[in-house]
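Input: a single structure, listed below in structure tokens.
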Amino acid sequence: MRWGDAWRPKRSGLSWANAELNAAAAVCAAQLAVVCAIWWVGTFDDDTHGAGSGGGLAAVGLLCMLVFGPLLLAVLGLVHAAAHTMPAATFARIATRRVRGSEEAWHLVFVAALGVLWAAVAVVLGDLSPTGTTALLIAASGVLPALGVAYVRRRERATGRVPRSRRIWVRSALASFGACVLVAGAGAVGLSTGLIKEYEPPKLSAGQLAGVWRGDGGAVLRLRAGGRAELTALPAQPEFGDVTTKDFTRCHGTGSWFLDTEGRYDPYSDAYDEGDPAARDGVVVQVADCGHDTYWTIGGSEHSPELFVLFGDADSGDLRILKRD
């Protein structure tokens, strides 16, 4: 089978037109762009963990995304078409030779089957939830590209001409751009009207904070009800150093902890050493002979709380997170 061979209305082989491959790839690229826009809007109410916008580095990253993003989406669309949409079209062609039915209907059936297969691979390799959003999107990712292939076929039957690949990609780009603008506009309206609420950290008592918290690198923080803390490889501010640097030490042993609800011990808070009821709550961990007092800010949600600390500046710091065991 050769993907680039010209398609004919009365075909006897398993070859496919460039227009069909390009239609599948272009539609996939467009839907990827829209999914990215929706994901971005969905982060409006996420916890930033004290991180900034990235400054000049973020500006450079945005410029690179604008320049190379369309090319990357096109490549991903072609890969998706070659691995998902077009193989499903081949199976549909074979099925219609042995079983009666519409080839377009069979195409959708095999697109759904391959989508479930690729979603299962992602679940196994990516440690995703089988019913999670990402897995469901992967499973359904071939539906719109398959409809794009069907449109190209109908257009050729009606006009006797194959749509030009350049026109397919231009229309796809314009459609995805318009959809992304609509999504971003809806997100902005949602923020301004309050339909999308800004993130609010949970308010936890000292009793609710007591327990075992774990992080990467084997970090373990056990907060006892009486104010005693037990540490294993826990990141901490260096005893001698600037809080705006990424350097940190790992502490072992025992110490103490207490809940700060006014931001007095948060080195990044405007309320530092003064107190502000509006400041984010945090846990102050003190360990003798091992680094400086470390302020672990409370984040996450009431059902899934987190403790985090940012070593370094807000734009490019080293974020460390602990989650309830």
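Following the order of the structure tokens, chains are lettered A, B, ..., residues in each are numbered from 1, and ligands are numbered from 1.
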May I have a table of the residues of segment 120-193 of chain A lying at most 9 Å from segment 105-116 of chain A, giving each one's closest pair of atoms and their distance in Å to one decimal, counting only C-alpha atoms, ordered by chain and ascending residue number, as a Markdown table?
| residue | atom | partner | partner_atom | distance |
| --- | --- | --- | --- | --- |
| A:Ala120 | CA | A:Val116 | CA | 6.1 |
| A:Val121 | CA | A:Val116 | CA | 8.7 |
| A:Ala135 | CA | A:Val116 | CA | 8.5 |
| A:Leu136 | CA | A:Val116 | CA | 8.4 |
| A:Leu137 | CA | A:Gly115 | CA | 8.9 |
| A:Ile138 | CA | A:Gly115 | CA | 6.2 |
| A:Ala139 | CA | A:Gly115 | CA | 3.8 |
| A:Ala140 | CA | A:Gly115 | CA | 6.1 |
| A:Ser141 | CA | A:Gly115 | CA | 6.9 |
| A:Gly142 | CA | A:Val111 | CA | 5.7 |
| A:Val143 | CA | A:Leu108 | CA | 6.6 |
| A:Ala146 | CA | A:Leu108 | CA | 6.7 |
| A:Leu147 | CA | A:Leu108 | CA | 8.2 |
Requested write-out: N, CA and C atoms of the selected residues, as a short mmCIF file (atom, residue, chain, number, x, y, z; two decimals), in the first residue's frame:
data_model
loop_
_atom_site.label_atom_id
_atom_site.label_comp_id
_atom_site.auth_asym_id
_atom_site.auth_seq_id
_atom_site.Cartn_x
_atom_site.Cartn_y
_atom_site.Cartn_z
N ALA A 120 -5.44 2.69 25.49
CA ALA A 120 -4.95 1.66 26.41
C ALA A 120 -3.43 1.71 26.51
N VAL A 121 -2.76 1.91 25.37
CA VAL A 121 -1.30 2.04 25.39
C VAL A 121 -0.87 3.24 26.23
N ALA A 135 -7.23 10.00 28.45
CA ALA A 135 -7.49 8.71 27.80
C ALA A 135 -8.72 8.80 26.90
N LEU A 136 -9.77 9.48 27.35
CA LEU A 136 -10.97 9.61 26.54
C LEU A 136 -10.72 10.45 25.28
N LEU A 137 -9.90 11.49 25.42
CA LEU A 137 -9.57 12.31 24.25
C LEU A 137 -8.78 11.52 23.22
N ILE A 138 -7.84 10.69 23.69
CA ILE A 138 -7.08 9.85 22.77
C ILE A 138 -8.00 8.89 22.05
N ALA A 139 -8.93 8.30 22.79
CA ALA A 139 -9.85 7.32 22.18
C ALA A 139 -10.73 7.96 21.12
N ALA A 140 -11.10 9.22 21.31
CA ALA A 140 -12.00 9.89 20.37
C ALA A 140 -11.27 10.76 19.36
N SER A 141 -9.94 10.77 19.39
CA SER A 141 -9.18 11.71 18.57
C SER A 141 -9.28 11.47 17.08
N GLY A 142 -9.70 10.28 16.66
CA GLY A 142 -9.75 9.98 15.24
C GLY A 142 -11.08 10.24 14.58
N VAL A 143 -12.09 10.64 15.36
CA VAL A 143 -13.44 10.81 14.79
C VAL A 143 -13.49 11.97 13.80
N ALA A 146 -11.55 11.37 10.59
CA ALA A 146 -12.27 10.45 9.72
C ALA A 146 -13.39 11.17 8.98
N LEU A 147 -14.06 12.08 9.65
CA LEU A 147 -15.10 12.87 8.98
C LEU A 147 -14.49 13.78 7.92
#
Can you list, as JSON, numbers by chain, every residue of segment 119-263 of chain A that DSSP puts in strand (DSSP E)? {"A": [211, 212, 213, 214, 220, 221, 222, 223, 228, 229, 230, 231, 232, 233, 234, 235, 236, 249, 250, 251, 252, 253, 254, 255, 256, 257, 258, 259, 260]}
Write a file of the selected residues as an mmCIF file, in the first residue's frame, keeping N, CA and C atoms.
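Everything below was put into selection-v1.cif:
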data_model
loop_
_atom_site.group_PDB
_atom_site.id
_atom_site.type_symbol
_atom_site.label_atom_id
_atom_site.label_comp_id
_atom_site.auth_asym_id
_atom_site.auth_seq_id
_atom_site.Cartn_x
_atom_site.Cartn_y
_atom_site.Cartn_z
ATOM 1 N N GLY A 211 -0.041 14.319 60.057
ATOM 2 C CA GLY A 211 -0.011 13.116 59.242
ATOM 3 C C GLY A 211 1.295 13.011 58.489
ATOM 4 N N VAL A 212 1.313 12.150 57.489
ATOM 5 C CA VAL A 212 2.522 11.879 56.714
ATOM 6 C C VAL A 212 2.390 12.512 55.336
ATOM 7 N N TRP A 213 3.419 13.258 54.943
ATOM 8 C CA TRP A 213 3.477 13.919 53.646
ATOM 9 C C TRP A 213 4.714 13.423 52.906
ATOM 10 N N ARG A 214 4.566 13.127 51.633
ATOM 11 C CA ARG A 214 5.676 12.575 50.849
ATOM 12 C C ARG A 214 5.896 13.391 49.576
ATOM 13 N N VAL A 220 10.100 12.712 53.095
ATOM 14 C CA VAL A 220 8.988 12.348 53.980
ATOM 15 C C VAL A 220 8.946 13.347 55.125
ATOM 16 N N LEU A 221 7.758 13.867 55.385
ATOM 17 C CA LEU A 221 7.543 14.785 56.502
ATOM 18 C C LEU A 221 6.387 14.260 57.332
ATOM 19 N N ARG A 222 6.689 13.905 58.582
ATOM 20 C CA ARG A 222 5.657 13.432 59.501
ATOM 21 C C ARG A 222 5.365 14.545 60.496
ATOM 22 N N LEU A 223 4.154 15.045 60.446
ATOM 23 C CA LEU A 223 3.735 16.104 61.353
ATOM 24 C C LEU A 223 2.923 15.490 62.490
ATOM 25 N N ARG A 228 5.609 18.101 66.925
ATOM 26 C CA ARG A 228 6.869 17.439 66.617
ATOM 27 C C ARG A 228 6.875 17.057 65.134
ATOM 28 N N ALA A 229 8.030 17.231 64.496
ATOM 29 C CA ALA A 229 8.196 16.911 63.080
ATOM 30 C C ALA A 229 9.310 15.905 62.907
ATOM 31 N N GLU A 230 9.074 14.906 62.067
ATOM 32 C CA GLU A 230 10.086 13.899 61.744
ATOM 33 C C GLU A 230 10.373 13.980 60.247
ATOM 34 N N LEU A 231 11.650 14.119 59.897
ATOM 35 C CA LEU A 231 12.029 14.401 58.529
ATOM 36 C C LEU A 231 12.917 13.307 57.954
ATOM 37 N N THR A 232 12.695 13.016 56.680
ATOM 38 C CA THR A 232 13.564 12.118 55.926
ATOM 39 C C THR A 232 13.804 12.732 54.556
ATOM 40 N N ALA A 233 15.029 13.121 54.285
ATOM 41 C CA ALA A 233 15.419 13.717 52.999
ATOM 42 C C ALA A 233 14.501 14.874 52.620
ATOM 43 N N LEU A 234 14.105 15.674 53.591
ATOM 44 C CA LEU A 234 13.174 16.768 53.341
ATOM 45 C C LEU A 234 13.926 18.021 52.879
ATOM 46 N N PRO A 235 13.555 18.603 51.728
ATOM 47 C CA PRO A 235 14.200 19.847 51.280
ATOM 48 C C PRO A 235 13.996 20.965 52.297
ATOM 49 N N ALA A 236 15.041 21.762 52.489
ATOM 50 C CA ALA A 236 14.981 22.866 53.438
ATOM 51 C C ALA A 236 15.854 24.009 52.941
ATOM 52 N N THR A 249 19.004 22.270 50.939
ATOM 53 C CA THR A 249 19.615 21.113 51.567
ATOM 54 C C THR A 249 18.539 20.112 51.918
ATOM 55 N N ARG A 250 18.928 18.887 52.175
ATOM 56 C CA ARG A 250 17.961 17.858 52.588
ATOM 57 C C ARG A 250 18.234 17.484 54.036
ATOM 58 N N CYS A 251 17.182 17.547 54.822
ATOM 59 C CA CYS A 251 17.312 17.337 56.259
ATOM 60 C C CYS A 251 16.756 15.979 56.679
ATOM 61 N N HIS A 252 17.420 15.388 57.662
ATOM 62 C CA HIS A 252 16.981 14.146 58.291
ATOM 63 C C HIS A 252 16.919 14.382 59.801
ATOM 64 N N GLY A 253 16.028 13.677 60.460
ATOM 65 C CA GLY A 253 15.979 13.773 61.907
ATOM 66 C C GLY A 253 14.639 14.273 62.411
ATOM 67 N N THR A 254 14.686 14.985 63.509
ATOM 68 C CA THR A 254 13.468 15.491 64.133
ATOM 69 C C THR A 254 13.548 16.994 64.311
ATOM 70 N N GLY A 255 12.397 17.616 64.437
ATOM 71 C CA GLY A 255 12.322 19.053 64.637
ATOM 72 C C GLY A 255 10.940 19.416 65.146
ATOM 73 N N SER A 256 10.509 20.614 64.807
ATOM 74 C CA SER A 256 9.193 21.075 65.244
ATOM 75 C C SER A 256 8.487 21.768 64.082
ATOM 76 N N TRP A 257 7.189 21.926 64.242
ATOM 77 C CA TRP A 257 6.405 22.599 63.215
ATOM 78 C C TRP A 257 5.240 23.339 63.842
ATOM 79 N N PHE A 258 4.751 24.342 63.148
ATOM 80 C CA PHE A 258 3.541 25.038 63.590
ATOM 81 C C PHE A 258 2.876 25.667 62.368
ATOM 82 N N LEU A 259 1.602 25.962 62.512
ATOM 83 C CA LEU A 259 0.793 26.527 61.438
ATOM 84 C C LEU A 259 0.860 28.046 61.485
ATOM 85 N N ASP A 260 1.180 28.663 60.358
ATOM 86 C CA ASP A 260 1.231 30.115 60.239
ATOM 87 C C ASP A 260 0.082 30.556 59.337
#
Any chance you could list, as a count of residues only, the residues in segment 139-234 of chain A that come up helix (DSSP H, G or I) when DSSP is run on the backbone? 55
Produce a table with one row for each residue of segment 125-193 of chain A that has an atom at most 10 Å from any atom of segment 31-45 of chain A, each row naming the nearest atom pair and its distance in Å at one decimal; use only C-alpha atoms; arrange rows by chain and rising residue number; format as JSON lines.
{"residue": "A:Leu137", "atom": "CA", "partner": "A:Val35", "partner_atom": "CA", "distance": 9.3}
{"residue": "A:Ser141", "atom": "CA", "partner": "A:Gln31", "partner_atom": "CA", "distance": 8.3}
{"residue": "A:Leu144", "atom": "CA", "partner": "A:Gln31", "partner_atom": "CA", "distance": 8.1}
{"residue": "A:Pro145", "atom": "CA", "partner": "A:Gln31", "partner_atom": "CA", "distance": 9.0}
{"residue": "A:Ser172", "atom": "CA", "partner": "A:Gln31", "partner_atom": "CA", "distance": 9.2}
{"residue": "A:Ala173", "atom": "CA", "partner": "A:Ala33", "partner_atom": "CA", "distance": 9.3}
{"residue": "A:Ala175", "atom": "CA", "partner": "A:Gln31", "partner_atom": "CA", "distance": 9.5}
{"residue": "A:Ser176", "atom": "CA", "partner": "A:Val34", "partner_atom": "CA", "distance": 6.3}
{"residue": "A:Phe177", "atom": "CA", "partner": "A:Ala33", "partner_atom": "CA", "distance": 8.1}
{"residue": "A:Gly178", "atom": "CA", "partner": "A:Val34", "partner_atom": "CA", "distance": 9.4}
{"residue": "A:Ala179", "atom": "CA", "partner": "A:Val34", "partner_atom": "CA", "distance": 6.5}
{"residue": "A:Cys180", "atom": "CA", "partner": "A:Val34", "partner_atom": "CA", "distance": 5.5}
{"residue": "A:Val181", "atom": "CA", "partner": "A:Ala37", "partner_atom": "CA", "distance": 8.5}
{"residue": "A:Leu182", "atom": "CA", "partner": "A:Ala37", "partner_atom": "CA", "distance": 9.5}
{"residue": "A:Val183", "atom": "CA", "partner": "A:Ile38", "partner_atom": "CA", "distance": 6.4}
{"residue": "A:Ala184", "atom": "CA", "partner": "A:Val41", "partner_atom": "CA", "distance": 6.7}
{"residue": "A:Gly185", "atom": "CA", "partner": "A:Val41", "partner_atom": "CA", "distance": 9.5}
{"residue": "A:Ala186", "atom": "CA", "partner": "A:Val41", "partner_atom": "CA", "distance": 8.6}
{"residue": "A:Gly187", "atom": "CA", "partner": "A:Val41", "partner_atom": "CA", "distance": 5.6}
{"residue": "A:Ala188", "atom": "CA", "partner": "A:Val41", "partner_atom": "CA", "distance": 8.4}
{"residue": "A:Gly190", "atom": "CA", "partner": "A:Val41", "partner_atom": "CA", "distance": 9.5}
{"residue": "A:Leu191", "atom": "CA", "partner": "A:Phe44", "partner_atom": "CA", "distance": 8.1}
Using only C-alpha atoms, which residues sit within 9 Å of Leu21 of chain A once same-chain residues fewer than 3 positions away are excluded, as a list in words?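 Near Leu21 of chain A, the qualifying residues are Trp3, Gly4, Trp16, Ala17, Asn18, Ala24, Ala25, Ala26, Leu78, Ala81, Ala82, Thr85, Met86 and Val149 of chain A.
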Distance of atom CA of Asp293 of chain A from atom CA of Gly312 of chain A, expressed in Å to one decimal place: 15.2 Å
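Nearest residue to Arg224 of chain A among A:Val285, A:Gly132, A:Thr261, A:Pro267 is A:Val285, counting only C-alpha atoms.
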Name the residues in contact with Leu310 of chain A at a cut-off of 7 Å, using only C-alpha atoms, excluding same-chain residues fewer than 2 positions from it; report them as a list of chain:residue names.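 The contact residues come out as A:Phe308, A:Gly312, A:Gly317, A:Asp318, A:Leu319, A:Arg320.
Remark: for Ser165 of chain A, the closest of the candidate residues A:Val152, A:Val309, A:Pro238, A:Ser304 is A:Val152 (distances computed over only C-alpha atoms).
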